[in-house]
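Enquirer: Structure provided below as structure tokens; questions to follow.
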Amino acid sequence: MRRQHIGWAAGAAAAVLVAAGAITYAVAEDTGGSDAKTPGAESADAGFARDMAVHHQQAVEMSYIVRDRTGDEEVRRLAYDIAQTQANQRGMLLGWLDLWELPKVSADPPMTWMGMGDMASGKDGALMPGMATNTELKKLQSLSGKQAEILYLQLMTDHHKGGIHMAEGCVAKCTVGVEKRLAQGMVDAQQSEIELMAGMLKERGAQPRS
């Protein structure tokens with residue numbers, strides 16, 4: 001199990017490095033080269049990159065937790081796919097901030113770039129809508145088998161709904177084409193996964209929390 005865990009982490013890390021190595025060219029081409037105007041620290045482009053990187057990190061964390069709490073291959077495969085995809089995308093988002101020479105943290109509340117800074121209370125570690133609380137993460141760590149599967153699927157469904165809302169905000173407000181396309185890809189993929197997880201919950205005699 002330990003060897004598999006290390007291999008999985010190494011694979012995710014490799015995917016992030018590959019993405020990080022390619023994004024400079026993608027963004028430079030999309031914005032017309034190094035002399036083109038780059039987003040400012042208060043822009044939607046920067047705000048989305050910062051906030052979604054944090055949002056994605058929790059999805060990766062939850063997926064690692066459930067992977068070690070169940071032997072169900074369907075859930076483990078979904079968790080693996082989510083962790084790989086979101087670790088990769090997180091690397092791209094942080095890479096863009098590096099490329100733009102912008103800070104990865106902001107003094108403003110999360111989602112301020114969407115005009116929704118007052119919604120991000122940060123209560124019990126849930127920094128943005130859809131994010132699990134610290135209490136929920138601890139509960140997930142304490143469960144195993146079917147109970148862990150159900151809670152993970154419920155938490156990830158909520159997480160995806162919050163992520164879709166943020167990604168739609170970027171599609172509407174961001175100015176860098178490659179970032180807008182990534183955000184739209186997130187919307188499409190996560191909506192598909194929400195539908196998949198609804199079916200998986202039904203098979204387990206449960207349903208989404210909202």
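All residue names refer to the structure tokens as shown: chains lettered A, B, ... in order, residues numbered from 1 in each chain, ligands numbered from 1 in order.
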Leaving out Lys138 in chain A and any residue of its chain fewer than 3 positions from it, which residues lie within 12 Å of it when counting only C-alpha atoms, given as a ChimeraX atom specification?
Expert: /A:61-62,65-66,124-125,132-135,141-143,148,151-152
Enquirer: Could the residues in this selection be saved with N, CA, C and O atoms as a PDB file, in the first residue's frame?
Expert:
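Saved the output as again_12.pdb:
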```
ATOM      1  N   GLU A  61      -6.641  16.495  -1.353  1.00  0.00           N
ATOM      2  CA  GLU A  61      -6.515  15.960   0.004  1.00  0.00           C
ATOM      3  C   GLU A  61      -7.627  14.958   0.314  1.00  0.00           C
ATOM      4  O   GLU A  61      -7.367  13.857   0.827  1.00  0.00           O
ATOM      5  N   MET A  62      -8.868  15.306   0.001  1.00  0.00           N
ATOM      6  CA  MET A  62      -9.988  14.398   0.269  1.00  0.00           C
ATOM      7  C   MET A  62      -9.852  13.099  -0.521  1.00  0.00           C
ATOM      8  O   MET A  62     -10.185  12.016  -0.026  1.00  0.00           O
ATOM      9  N   ILE A  65      -7.422  10.855   1.115  1.00  0.00           N
ATOM     10  CA  ILE A  65      -7.990  10.264   2.334  1.00  0.00           C
ATOM     11  C   ILE A  65      -8.854   9.060   1.999  1.00  0.00           C
ATOM     12  O   ILE A  65      -8.682   7.982   2.567  1.00  0.00           O
ATOM     13  N   VAL A  66      -9.788   9.230   1.061  1.00  0.00           N
ATOM     14  CA  VAL A  66     -10.720   8.135   0.780  1.00  0.00           C
ATOM     15  C   VAL A  66     -10.006   6.967   0.114  1.00  0.00           C
ATOM     16  O   VAL A  66     -10.394   5.802   0.287  1.00  0.00           O
ATOM     17  N   ASP A 124     -14.631  27.147  10.271  1.00  0.00           N
ATOM     18  CA  ASP A 124     -14.131  25.782  10.448  1.00  0.00           C
ATOM     19  C   ASP A 124     -13.324  25.315   9.244  1.00  0.00           C
ATOM     20  O   ASP A 124     -13.397  24.151   8.846  1.00  0.00           O
ATOM     21  N   GLY A 125     -12.563  26.225   8.654  1.00  0.00           N
ATOM     22  CA  GLY A 125     -11.670  25.857   7.570  1.00  0.00           C
ATOM     23  C   GLY A 125     -12.278  25.868   6.183  1.00  0.00           C
ATOM     24  O   GLY A 125     -11.560  25.671   5.196  1.00  0.00           O
ATOM     25  N   ALA A 132     -15.156  21.554   2.182  1.00  0.00           N
ATOM     26  CA  ALA A 132     -15.458  20.814   3.406  1.00  0.00           C
ATOM     27  C   ALA A 132     -14.865  21.537   4.609  1.00  0.00           C
ATOM     28  O   ALA A 132     -13.852  22.238   4.498  1.00  0.00           O
ATOM     29  N   THR A 133     -15.504  21.376   5.754  1.00  0.00           N
ATOM     30  CA  THR A 133     -14.969  21.943   6.988  1.00  0.00           C
ATOM     31  C   THR A 133     -13.900  21.016   7.559  1.00  0.00           C
ATOM     32  O   THR A 133     -13.787  19.847   7.170  1.00  0.00           O
ATOM     33  N   ASN A 134     -13.139  21.529   8.503  1.00  0.00           N
ATOM     34  CA  ASN A 134     -12.139  20.696   9.182  1.00  0.00           C
ATOM     35  C   ASN A 134     -12.813  19.521   9.889  1.00  0.00           C
ATOM     36  O   ASN A 134     -12.284  18.407   9.908  1.00  0.00           O
ATOM     37  N   THR A 135     -13.987  19.777  10.460  1.00  0.00           N
ATOM     38  CA  THR A 135     -14.723  18.715  11.150  1.00  0.00           C
ATOM     39  C   THR A 135     -15.122  17.614  10.174  1.00  0.00           C
ATOM     40  O   THR A 135     -15.015  16.412  10.496  1.00  0.00           O
ATOM     41  N   GLN A 141     -11.743  10.966   7.717  1.00  0.00           N
ATOM     42  CA  GLN A 141     -10.560  10.206   8.121  1.00  0.00           C
ATOM     43  C   GLN A 141     -10.908   9.099   9.117  1.00  0.00           C
ATOM     44  O   GLN A 141     -10.169   8.118   9.231  1.00  0.00           O
ATOM     45  N   SER A 142     -12.025   9.251   9.827  1.00  0.00           N
ATOM     46  CA  SER A 142     -12.393   8.280  10.857  1.00  0.00           C
ATOM     47  C   SER A 142     -13.245   7.131  10.315  1.00  0.00           C
ATOM     48  O   SER A 142     -13.435   6.123  10.992  1.00  0.00           O
ATOM     49  N   LEU A 143     -13.772   7.299   9.104  1.00  0.00           N
ATOM     50  CA  LEU A 143     -14.660   6.291   8.532  1.00  0.00           C
ATOM     51  C   LEU A 143     -13.894   5.332   7.629  1.00  0.00           C
ATOM     52  O   LEU A 143     -12.755   5.579   7.254  1.00  0.00           O
ATOM     53  N   ALA A 148     -17.271   5.693   4.401  1.00  0.00           N
ATOM     54  CA  ALA A 148     -16.283   6.632   3.872  1.00  0.00           C
ATOM     55  C   ALA A 148     -16.608   6.993   2.426  1.00  0.00           C
ATOM     56  O   ALA A 148     -16.480   8.153   2.018  1.00  0.00           O
ATOM     57  N   LEU A 151     -19.624   9.511   2.361  1.00  0.00           N
ATOM     58  CA  LEU A 151     -19.276  10.865   2.784  1.00  0.00           C
ATOM     59  C   LEU A 151     -18.369  11.538   1.758  1.00  0.00           C
ATOM     60  O   LEU A 151     -18.548  12.719   1.447  1.00  0.00           O
ATOM     61  N   TYR A 152     -17.421  10.799   1.218  1.00  0.00           N
ATOM     62  CA  TYR A 152     -16.536  11.371   0.198  1.00  0.00           C
ATOM     63  C   TYR A 152     -17.336  11.839  -1.011  1.00  0.00           C
ATOM     64  O   TYR A 152     -17.138  12.960  -1.507  1.00  0.00           O
TER      65      TYR A 152
END
```
Enquirer: For range 71-78 of chain A, please output as a ChimeraX atom specification all residues within 10 Å (counting only C-alpha atoms; exclusion window: fewer than 6 positions along the same chain).
Expert: /A:63-64,84,144-146,148-150,152-153,193,196-197,200
Enquirer: One decimal, in Å: what's the spacing between CA of Lys173 in chain A and CA of Val60 in chain A?
Expert: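 According to the coordinates, CA of Lys173 in chain A and CA of Val60 in chain A are separated by 25.9 Å.
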Enquirer: Where does DSSP see helix (DSSP H, G or I) in range 15-200 of chain A, if you list the residues as JSON, numbers by chain?
Expert: {"A": [15, 16, 17, 18, 19, 20, 21, 22, 23, 24, 25, 26, 27, 28, 29, 30, 31, 44, 45, 46, 47, 48, 49, 50, 51, 52, 53, 54, 55, 56, 57, 58, 59, 60, 61, 62, 63, 64, 65, 66, 67, 73, 74, 75, 76, 77, 78, 79, 80, 81, 82, 83, 84, 85, 86, 87, 88, 89, 90, 91, 92, 93, 94, 95, 96, 97, 98, 99, 112, 113, 114, 117, 118, 119, 123, 124, 125, 134, 135, 136, 137, 138, 139, 140, 141, 142, 145, 146, 147, 148, 149, 150, 151, 152, 153, 154, 155, 156, 157, 158, 159, 160, 161, 162, 163, 164, 165, 166, 167, 168, 169, 170, 171, 172, 173, 177, 178, 179, 180, 181, 182, 183, 184, 185, 186, 187, 188, 189, 190, 191, 192, 193, 194, 195, 196, 197, 198, 199, 200]}
Enquirer: Select, from A:Ala79, A:Pro39, A:Asp51, A:Pro110, the residue with the minimum atom-to-atom distance to Asp98 in chain A, counting only C-alpha atoms.
Expert: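 That would be A:Pro39, the residue with the smallest distance to Asp98 in chain A.
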Enquirer: Which residue out of A:Cys170, A:Leu140, A:Met156, A:Ala83 has the minimum interatomic distance to Arg50 in chain A when only C-alpha atoms are used?
Expert: A:Cys170
Enquirer: Between A:Arg69, A:Gly95, A:Ala59, A:Leu102, which is the closest to Gly40 in chain A once you count only C-alpha atoms?
Expert: A:Leu102
Enquirer: Which residues come within 8 Å of Leu94 in chain A, counting only C-alpha atoms, excluding same-chain residues fewer than 5 positions away, as an NGL selection string?
Expert: :A and (49-50 or 53 or 104)
Enquirer: Put those residues in a file: N, CA, C and O atoms, as a CSV table (one decimal), in the first residue's frame.
Expert:
```csv
chain,number,residue,atom,x,y,z
A,49,ALA,N,-7.1,32.2,-10.2
A,49,ALA,CA,-5.9,31.3,-10.1
A,49,ALA,C,-5.6,31.1,-8.6
A,49,ALA,O,-5.4,29.9,-8.2
A,50,ARG,N,-5.6,32.1,-7.8
A,50,ARG,CA,-5.3,31.9,-6.4
A,50,ARG,C,-6.4,31.1,-5.7
A,50,ARG,O,-6.1,30.1,-5.0
A,53,ALA,N,-6.7,27.4,-6.9
A,53,ALA,CA,-5.6,26.6,-6.4
A,53,ALA,C,-5.8,26.0,-5.0
A,53,ALA,O,-5.5,24.9,-4.7
A,104,LYS,N,0.8,34.7,-4.7
A,104,LYS,CA,-0.1,33.6,-4.6
A,104,LYS,C,-1.1,33.7,-3.5
A,104,LYS,O,-2.0,32.9,-3.4
```
Enquirer: To one decimal place, how far is CA of Ala87 in chain A from CA of Asp118 in chain A in Å?
Expert: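 These atoms are spaced 27.4 Å apart.
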Enquirer: Which of these, A:Pro129, A:Gly115, A:His56, A:Met92, has the shortest distance to Val178 in chain A once you count only C-alpha atoms?
Expert: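 Going through A:Pro129, A:Gly115, A:His56, A:Met92 one by one, the smallest distance to Val178 in chain A is for A:Met92.
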